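Undergrad: One structure is given below, represented as structure tokens, and several questions about it will come after.
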Amino acid sequence: MLFSIIIPVYNRPQELDELLACVAQQSYTNFEVLVIEDGSVDKADLVVKKYAKSLQINYFFKENGGQGFARNYAFERAKGDFFIILDSDALIEPTYLEEVKKGIENQQLDLFGGPDKDHVSFTATQKAISFAMTSLFTTGGIRGKAKNIGGQFHPRSFNMGISRKVWEATKGFVITRMGEDIEFSIRCIALGFKSGLLPEAFIYHKRRTSFKQFYKQIHFFGRARINISRFFPKELKWVHFFPACYFIYFWNTVVLNILIPPIGNLLFMGLLVYWIAIFLDALKQTKSIQISLLGLIAANIQLLAYGQGFIEEGIKKITNTSQP
């Protein structure tokens with residue numbers, strides 16, 4: 001068997017149903033599916049049962065231990081030569097596995113991943129969030145690129161694949177949250193495994209459906225970046241400090257507009273120019289004024305939430321009040 005598709009799930013039976021419907025339509029069929037229920041209250045066992053005839057699918061329930069260890073649980077039970085990890089809130093095209101097979105054979109990869117896109121069915125808010133996560137003016141446009149700044153491509157767990165050799169050499173994830181996928185990718189590359197991006201093996205990633213959920217997720221990402229630096233200090237790059245700088249600049253602008261308006265107004269002009277650039281970039285990409293305005297909101301939430309989490313966890317690291 002070539003592929004084992006691994007899907008950890010936590011209280012998301014409806015999203016899993018939508019993903020499995022996509023998996024059942026794959027043009028390449030030499031694969032199995034492992035669904036790992038990570039201590040959910042709202043279980044997905046009936047959803048899995050629905051696909052028992054159309055897919056070679058196995059369902060496992062375990063106590064909640066986090067997504068990293070849920071994936072390890074699946075690795076131990078998978079039969080494929082390659083393991084593909086997908087988030088439950090994803091959709092894939094029928095040719096997804098064909099593209100993965102083509103890519104790993106052409107590039108001779110042991111570690112790989114694909115980019116994410118927004119789907120036509122997504123809400124305006126979801127499309128705005130997708131823009132914010134990929135724009136040159138927010139993430140530097142580095143998501144879904146063949147190389148990260150300063151090194152090889154680091155696959156992310158929403159759309160990641162590894163060979164059985166990688167699993168045997170690494171024994172999987174050593175942390176279950178807080179940047180576990182980036183830590184894992186860095187460790188795999190350090191062991192000499194070849195990593196590569198598969199541009200056509202993309203997914204439609206729903207992410208969060210509200211700005212409140214998005215804020216919580218990105219705040220966690222900011223903390224996770226610092227947590228990764230506990231394991232690999234050299235992986236903390238200059239670009240990772242940008243949201244923290246934006247967070248400080250933004251709130252200084254707010255305070256100084258109250259205390260010293262002339263200086264506050266001057267700082268605000270800098271923000272205004274930046275916001276216009278984000279809006280125009282969103283308009284160019286989405287062709288929608290509504291999504292562009294929401295994209296501007298999403299971009300600010302992303303930068304502020306990430307910056308806040310980055311600063312908070314950075315202080316904990318400096319003061320040694322939090323351990324990985």
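The way I read the labels, and the way they are meant: chains A, B, ... in the order of the structure tokens, residue 1 as the first residue of every chain, and ligand 1 as the first ligand shown, with later ones counted on from there.
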Please provide the set of residues having any atom within 6 Å of Ser40 of chain A, restricted to only C-alpha atoms, with same-chain residues fewer than 3 positions apart removed, written as a list in words.
TA: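 Close residues of Ser40 of chain A: Tyr10, Asn11 and Lys43 of chain A.
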Undergrad: Hey, what's within 12 Å of segment 218-225 of chain A if we count only C-alpha atoms and toss same-chain stuff fewer than 5 positions away? As a PDB file with N, CA and C atoms, in the first residue's frame, please?
TA:
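Dumped everything to result.pdb:
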```pdb
ATOM      1  N   ILE A 129      -9.593  35.712   5.731  1.00  0.00           N
ATOM      2  CA  ILE A 129      -8.577  35.095   6.582  1.00  0.00           C
ATOM      3  C   ILE A 129      -7.523  34.395   5.733  1.00  0.00           C
ATOM      4  N   ALA A 132      -5.204  36.966   4.435  1.00  0.00           N
ATOM      5  CA  ALA A 132      -4.297  37.472   5.472  1.00  0.00           C
ATOM      6  C   ALA A 132      -3.165  36.494   5.761  1.00  0.00           C
ATOM      7  N   MET A 133      -3.446  35.203   5.635  1.00  0.00           N
ATOM      8  CA  MET A 133      -2.441  34.192   5.947  1.00  0.00           C
ATOM      9  C   MET A 133      -1.413  34.000   4.833  1.00  0.00           C
ATOM     10  N   THR A 139       2.441  37.849   6.043  1.00  0.00           N
ATOM     11  CA  THR A 139       3.367  36.752   6.333  1.00  0.00           C
ATOM     12  C   THR A 139       4.630  36.829   5.486  1.00  0.00           C
ATOM     13  N   ILE A 175       6.630  16.915  20.653  1.00  0.00           N
ATOM     14  CA  ILE A 175       5.708  17.789  21.366  1.00  0.00           C
ATOM     15  C   ILE A 175       4.372  17.692  20.649  1.00  0.00           C
ATOM     16  N   THR A 176       3.304  17.900  21.362  1.00  0.00           N
ATOM     17  CA  THR A 176       1.991  17.660  20.772  1.00  0.00           C
ATOM     18  C   THR A 176       1.288  18.928  20.320  1.00  0.00           C
ATOM     19  N   ARG A 177       1.733  20.078  20.823  1.00  0.00           N
ATOM     20  CA  ARG A 177       1.160  21.369  20.430  1.00  0.00           C
ATOM     21  C   ARG A 177       2.292  22.389  20.355  1.00  0.00           C
ATOM     22  N   MET A 178       1.912  23.653  20.193  1.00  0.00           N
ATOM     23  CA  MET A 178       2.884  24.752  20.247  1.00  0.00           C
ATOM     24  C   MET A 178       3.988  24.608  19.199  1.00  0.00           C
ATOM     25  N   GLY A 179       3.598  24.483  17.915  1.00  0.00           N
ATOM     26  CA  GLY A 179       4.587  24.422  16.848  1.00  0.00           C
ATOM     27  C   GLY A 179       5.170  23.052  16.619  1.00  0.00           C
ATOM     28  N   GLU A 180       4.419  22.019  16.964  1.00  0.00           N
ATOM     29  CA  GLU A 180       4.936  20.653  16.864  1.00  0.00           C
ATOM     30  C   GLU A 180       5.302  20.267  15.429  1.00  0.00           C
ATOM     31  N   ASP A 181       4.573  20.802  14.440  1.00  0.00           N
ATOM     32  CA  ASP A 181       4.851  20.429  13.051  1.00  0.00           C
ATOM     33  C   ASP A 181       6.142  21.066  12.537  1.00  0.00           C
ATOM     34  N   ILE A 182       6.401  22.305  12.939  1.00  0.00           N
ATOM     35  CA  ILE A 182       7.638  22.962  12.496  1.00  0.00           C
ATOM     36  C   ILE A 182       8.841  22.311  13.166  1.00  0.00           C
ATOM     37  N   GLU A 183       8.723  22.015  14.460  1.00  0.00           N
ATOM     38  CA  GLU A 183       9.808  21.310  15.164  1.00  0.00           C
ATOM     39  C   GLU A 183      10.114  19.994  14.479  1.00  0.00           C
ATOM     40  N   ARG A 207      -9.708  26.792   7.954  1.00  0.00           N
ATOM     41  CA  ARG A 207      -9.270  27.543   9.122  1.00  0.00           C
ATOM     42  C   ARG A 207     -10.456  27.879  10.006  1.00  0.00           C
ATOM     43  N   ARG A 208     -10.438  29.067  10.573  1.00  0.00           N
ATOM     44  CA  ARG A 208     -11.527  29.432  11.479  1.00  0.00           C
ATOM     45  C   ARG A 208     -12.627  30.153  10.707  1.00  0.00           C
ATOM     46  N   PHE A 211     -13.687  35.821  13.260  1.00  0.00           N
ATOM     47  CA  PHE A 211     -12.481  36.554  13.641  1.00  0.00           C
ATOM     48  C   PHE A 211     -12.070  36.241  15.080  1.00  0.00           C
ATOM     49  N   LYS A 212     -13.031  35.946  15.945  1.00  0.00           N
ATOM     50  CA  LYS A 212     -12.709  35.590  17.322  1.00  0.00           C
ATOM     51  C   LYS A 212     -11.912  34.291  17.371  1.00  0.00           C
ATOM     52  N   GLN A 213     -12.362  33.289  16.614  1.00  0.00           N
ATOM     53  CA  GLN A 213     -11.633  32.020  16.543  1.00  0.00           C
ATOM     54  C   GLN A 213     -10.261  32.224  15.912  1.00  0.00           C
ATOM     55  N   ARG A 230      12.968  27.241  21.533  1.00  0.00           N
ATOM     56  CA  ARG A 230      13.543  26.533  22.680  1.00  0.00           C
ATOM     57  C   ARG A 230      14.293  25.293  22.226  1.00  0.00           C
ATOM     58  N   PHE A 231      13.829  24.697  21.131  1.00  0.00           N
ATOM     59  CA  PHE A 231      14.470  23.505  20.582  1.00  0.00           C
ATOM     60  C   PHE A 231      15.532  23.864  19.550  1.00  0.00           C
ATOM     61  N   PHE A 232      15.223  24.885  18.726  1.00  0.00           N
ATOM     62  CA  PHE A 232      16.109  25.286  17.629  1.00  0.00           C
ATOM     63  C   PHE A 232      16.252  26.814  17.632  1.00  0.00           C
ATOM     64  N   PRO A 233      17.133  27.355  18.470  1.00  0.00           N
ATOM     65  CA  PRO A 233      17.276  28.820  18.581  1.00  0.00           C
ATOM     66  C   PRO A 233      17.578  29.511  17.256  1.00  0.00           C
ATOM     67  N   LYS A 234      18.328  28.861  16.382  1.00  0.00           N
ATOM     68  CA  LYS A 234      18.711  29.488  15.120  1.00  0.00           C
ATOM     69  C   LYS A 234      17.546  29.610  14.147  1.00  0.00           C
ATOM     70  N   GLU A 235      16.439  28.943  14.429  1.00  0.00           N
ATOM     71  CA  GLU A 235      15.270  29.006  13.539  1.00  0.00           C
ATOM     72  C   GLU A 235      14.387  30.223  13.803  1.00  0.00           C
ATOM     73  N   LEU A 236      14.754  31.029  14.793  1.00  0.00           N
ATOM     74  CA  LEU A 236      14.023  32.268  15.058  1.00  0.00           C
ATOM     75  C   LEU A 236      14.617  33.352  14.161  1.00  0.00           C
ATOM     76  N   LYS A 237      13.909  33.649  13.053  1.00  0.00           N
ATOM     77  CA  LYS A 237      14.411  34.568  12.037  1.00  0.00           C
ATOM     78  C   LYS A 237      13.871  35.978  12.256  1.00  0.00           C
ATOM     79  N   VAL A 239      12.116  37.790  10.329  1.00  0.00           N
ATOM     80  CA  VAL A 239      10.748  37.986   9.874  1.00  0.00           C
ATOM     81  C   VAL A 239       9.731  37.641  10.962  1.00  0.00           C
ATOM     82  N   HIS A 240      10.103  36.760  11.877  1.00  0.00           N
ATOM     83  CA  HIS A 240       9.187  36.353  12.939  1.00  0.00           C
ATOM     84  C   HIS A 240       8.951  37.464  13.961  1.00  0.00           C
ATOM     85  N   PHE A 241       9.829  38.474  13.974  1.00  0.00           N
ATOM     86  CA  PHE A 241       9.679  39.582  14.921  1.00  0.00           C
ATOM     87  C   PHE A 241       8.752  40.676  14.388  1.00  0.00           C
ATOM     88  N   PHE A 242       8.426  40.619  13.092  1.00  0.00           N
ATOM     89  CA  PHE A 242       7.626  41.696  12.509  1.00  0.00           C
ATOM     90  C   PHE A 242       6.281  41.895  13.193  1.00  0.00           C
ATOM     91  N   PRO A 243       5.481  40.834  13.455  1.00  0.00           N
ATOM     92  CA  PRO A 243       4.194  41.060  14.138  1.00  0.00           C
ATOM     93  C   PRO A 243       4.355  41.681  15.519  1.00  0.00           C
ATOM     94  N   ALA A 244       5.415  41.318  16.242  1.00  0.00           N
ATOM     95  CA  ALA A 244       5.648  41.908  17.560  1.00  0.00           C
ATOM     96  C   ALA A 244       5.952  43.402  17.428  1.00  0.00           C
ATOM     97  N   PHE A 247       2.705  45.080  16.690  1.00  0.00           N
ATOM     98  CA  PHE A 247       1.903  45.158  17.912  1.00  0.00           C
ATOM     99  C   PHE A 247       2.321  46.365  18.751  1.00  0.00           C
ATOM    100  N   ALA A 298      -8.758  41.189   8.980  1.00  0.00           N
ATOM    101  CA  ALA A 298      -8.086  39.920   9.266  1.00  0.00           C
ATOM    102  C   ALA A 298      -6.579  40.095   9.389  1.00  0.00           C
ATOM    103  N   ALA A 299      -6.005  40.948   8.545  1.00  0.00           N
ATOM    104  CA  ALA A 299      -4.564  41.193   8.592  1.00  0.00           C
ATOM    105  C   ALA A 299      -4.161  41.823   9.922  1.00  0.00           C
ATOM    106  N   ASN A 300      -4.969  42.773  10.399  1.00  0.00           N
ATOM    107  CA  ASN A 300      -4.670  43.396  11.683  1.00  0.00           C
ATOM    108  C   ASN A 300      -4.821  42.415  12.834  1.00  0.00           C
ATOM    109  N   ILE A 301      -5.861  41.592  12.784  1.00  0.00           N
ATOM    110  CA  ILE A 301      -6.037  40.573  13.816  1.00  0.00           C
ATOM    111  C   ILE A 301      -4.850  39.619  13.819  1.00  0.00           C
ATOM    112  N   GLN A 302      -4.439  39.211  12.623  1.00  0.00           N
ATOM    113  CA  GLN A 302      -3.320  38.279  12.527  1.00  0.00           C
ATOM    114  C   GLN A 302      -2.042  38.859  13.131  1.00  0.00           C
ATOM    115  N   LEU A 303      -1.707  40.077  12.731  1.00  0.00           N
ATOM    116  CA  LEU A 303      -0.461  40.682  13.202  1.00  0.00           C
ATOM    117  C   LEU A 303      -0.498  40.973  14.699  1.00  0.00           C
ATOM    118  N   LEU A 304      -1.627  41.489  15.185  1.00  0.00           N
ATOM    119  CA  LEU A 304      -1.741  41.829  16.595  1.00  0.00           C
ATOM    120  C   LEU A 304      -1.778  40.579  17.478  1.00  0.00           C
ATOM    121  N   ALA A 305      -2.530  39.570  17.041  1.00  0.00           N
ATOM    122  CA  ALA A 305      -2.640  38.345  17.834  1.00  0.00           C
ATOM    123  C   ALA A 305      -1.314  37.601  17.876  1.00  0.00           C
ATOM    124  N   TYR A 306      -0.674  37.467  16.706  1.00  0.00           N
ATOM    125  CA  TYR A 306       0.618  36.780  16.642  1.00  0.00           C
ATOM    126  C   TYR A 306       1.659  37.552  17.465  1.00  0.00           C
ATOM    127  N   GLY A 307       1.678  38.876  17.283  1.00  0.00           N
ATOM    128  CA  GLY A 307       2.637  39.692  18.016  1.00  0.00           C
ATOM    129  C   GLY A 307       2.451  39.597  19.515  1.00  0.00           C
ATOM    130  N   GLN A 308       1.203  39.618  19.968  1.00  0.00           N
ATOM    131  CA  GLN A 308       0.932  39.507  21.401  1.00  0.00           C
ATOM    132  C   GLN A 308       1.386  38.156  21.941  1.00  0.00           C
ATOM    133  N   GLY A 309       1.032  37.070  21.238  1.00  0.00           N
ATOM    134  CA  GLY A 309       1.448  35.747  21.679  1.00  0.00           C
ATOM    135  C   GLY A 309       2.960  35.595  21.678  1.00  0.00           C
ATOM    136  N   PHE A 310       3.608  36.132  20.661  1.00  0.00           N
ATOM    137  CA  PHE A 310       5.069  36.083  20.530  1.00  0.00           C
ATOM    138  C   PHE A 310       5.734  36.790  21.704  1.00  0.00           C
ATOM    139  N   ILE A 311       5.234  37.978  22.037  1.00  0.00           N
ATOM    140  CA  ILE A 311       5.808  38.757  23.137  1.00  0.00           C
ATOM    141  C   ILE A 311       5.567  38.063  24.470  1.00  0.00           C
ATOM    142  N   GLU A 312       4.341  37.585  24.691  1.00  0.00           N
ATOM    143  CA  GLU A 312       4.013  36.934  25.964  1.00  0.00           C
ATOM    144  C   GLU A 312       4.870  35.691  26.197  1.00  0.00           C
ATOM    145  N   GLU A 313       4.998  34.860  25.182  1.00  0.00           N
ATOM    146  CA  GLU A 313       5.791  33.641  25.343  1.00  0.00           C
ATOM    147  C   GLU A 313       7.273  33.969  25.387  1.00  0.00           C
ATOM    148  N   GLY A 314       7.684  35.025  24.685  1.00  0.00           N
ATOM    149  CA  GLY A 314       9.080  35.454  24.740  1.00  0.00           C
ATOM    150  C   GLY A 314       9.481  35.887  26.135  1.00  0.00           C
ATOM    151  N   ILE A 315       8.584  36.596  26.814  1.00  0.00           N
ATOM    152  CA  ILE A 315       8.850  37.011  28.196  1.00  0.00           C
ATOM    153  C   ILE A 315       8.962  35.792  29.101  1.00  0.00           C
ATOM    154  N   LYS A 316       8.089  34.805  28.879  1.00  0.00           N
ATOM    155  CA  LYS A 316       8.151  33.574  29.675  1.00  0.00           C
ATOM    156  C   LYS A 316       9.470  32.845  29.441  1.00  0.00           C
ATOM    157  N   LYS A 317       9.928  32.851  28.185  1.00  0.00           N
ATOM    158  CA  LYS A 317      11.194  32.182  27.887  1.00  0.00           C
ATOM    159  C   LYS A 317      12.362  32.891  28.566  1.00  0.00           C
ATOM    160  N   SER A 322       8.189  29.295  31.752  1.00  0.00           N
ATOM    161  CA  SER A 322       7.423  28.320  30.972  1.00  0.00           C
ATOM    162  C   SER A 322       8.397  27.348  30.340  1.00  0.00           C
ATOM    163  N   GLN A 323       8.043  26.087  30.356  1.00  0.00           N
ATOM    164  CA  GLN A 323       8.899  25.051  29.793  1.00  0.00           C
ATOM    165  C   GLN A 323       8.241  24.442  28.558  1.00  0.00           C
ATOM    166  N   PRO A 324       9.014  23.972  27.568  1.00  0.00           N
ATOM    167  CA  PRO A 324       8.457  23.360  26.370  1.00  0.00           C
ATOM    168  C   PRO A 324       7.759  22.052  26.684  1.00  0.00           C
TER     169      PRO A 324
END
```
Undergrad: Report as a list in words all protein, DNA and RNA residues lying within 8 Å of Phe112 of chain A, evaluated on only C-alpha atoms, omitting residues in the same chain fewer than 5 positions from it.
TA: Ile104, Pro155, Met160, Gly161, Ile162, Ser195, Gly196, Leu197 and Leu198 of chain A
Undergrad: Do you know which residues are at most 12 Å from Phe83 of chain A counting only C-alpha atoms, after dropping those on the same chain fewer than 4 positions away, and could you put them as a ChimeraX atom specification?
TA: /A:1-7,31-34,71-72,74-79,97,100-101,110-113,157,159-168,172
Undergrad: Skipping near chain neighbours, those fewer than 5 positions away, what residues fall within 9 Å of Phe60 of chain A using only C-alpha atoms, listed as a CSV table (one decimal) with C-alpha atoms, in the first residue's frame?
TA:
```csv
chain,number,residue,atom,x,y,z
A,34,LEU,CA,-6.9,6.3,9.6
A,35,VAL,CA,-9.2,8.6,11.7
A,36,ILE,CA,-7.9,9.3,15.2
A,37,GLU,CA,-10.6,10.6,17.6
A,38,ASP,CA,-8.5,12.5,20.1
A,45,ASP,CA,-17.6,7.3,14.7
A,74,ALA,CA,-1.7,6.6,13.7
```
Undergrad: Can you work out which one of A:Leu259, A:Ala21, A:Ile278, A:Ala128 has the shortest atom-to-atom distance to Leu294 of chain A, counting only C-alpha atoms?
TA: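 Closest candidate: A:Ala128.
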Undergrad: Which residue gives the smallest distance to Thr95 of chain A among A:Leu16, A:Ile248, A:Leu272, A:Val23, with only C-alpha atoms counted?
TA: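 Checking each candidate against Thr95 of chain A, we get A:Val23 as the closest.
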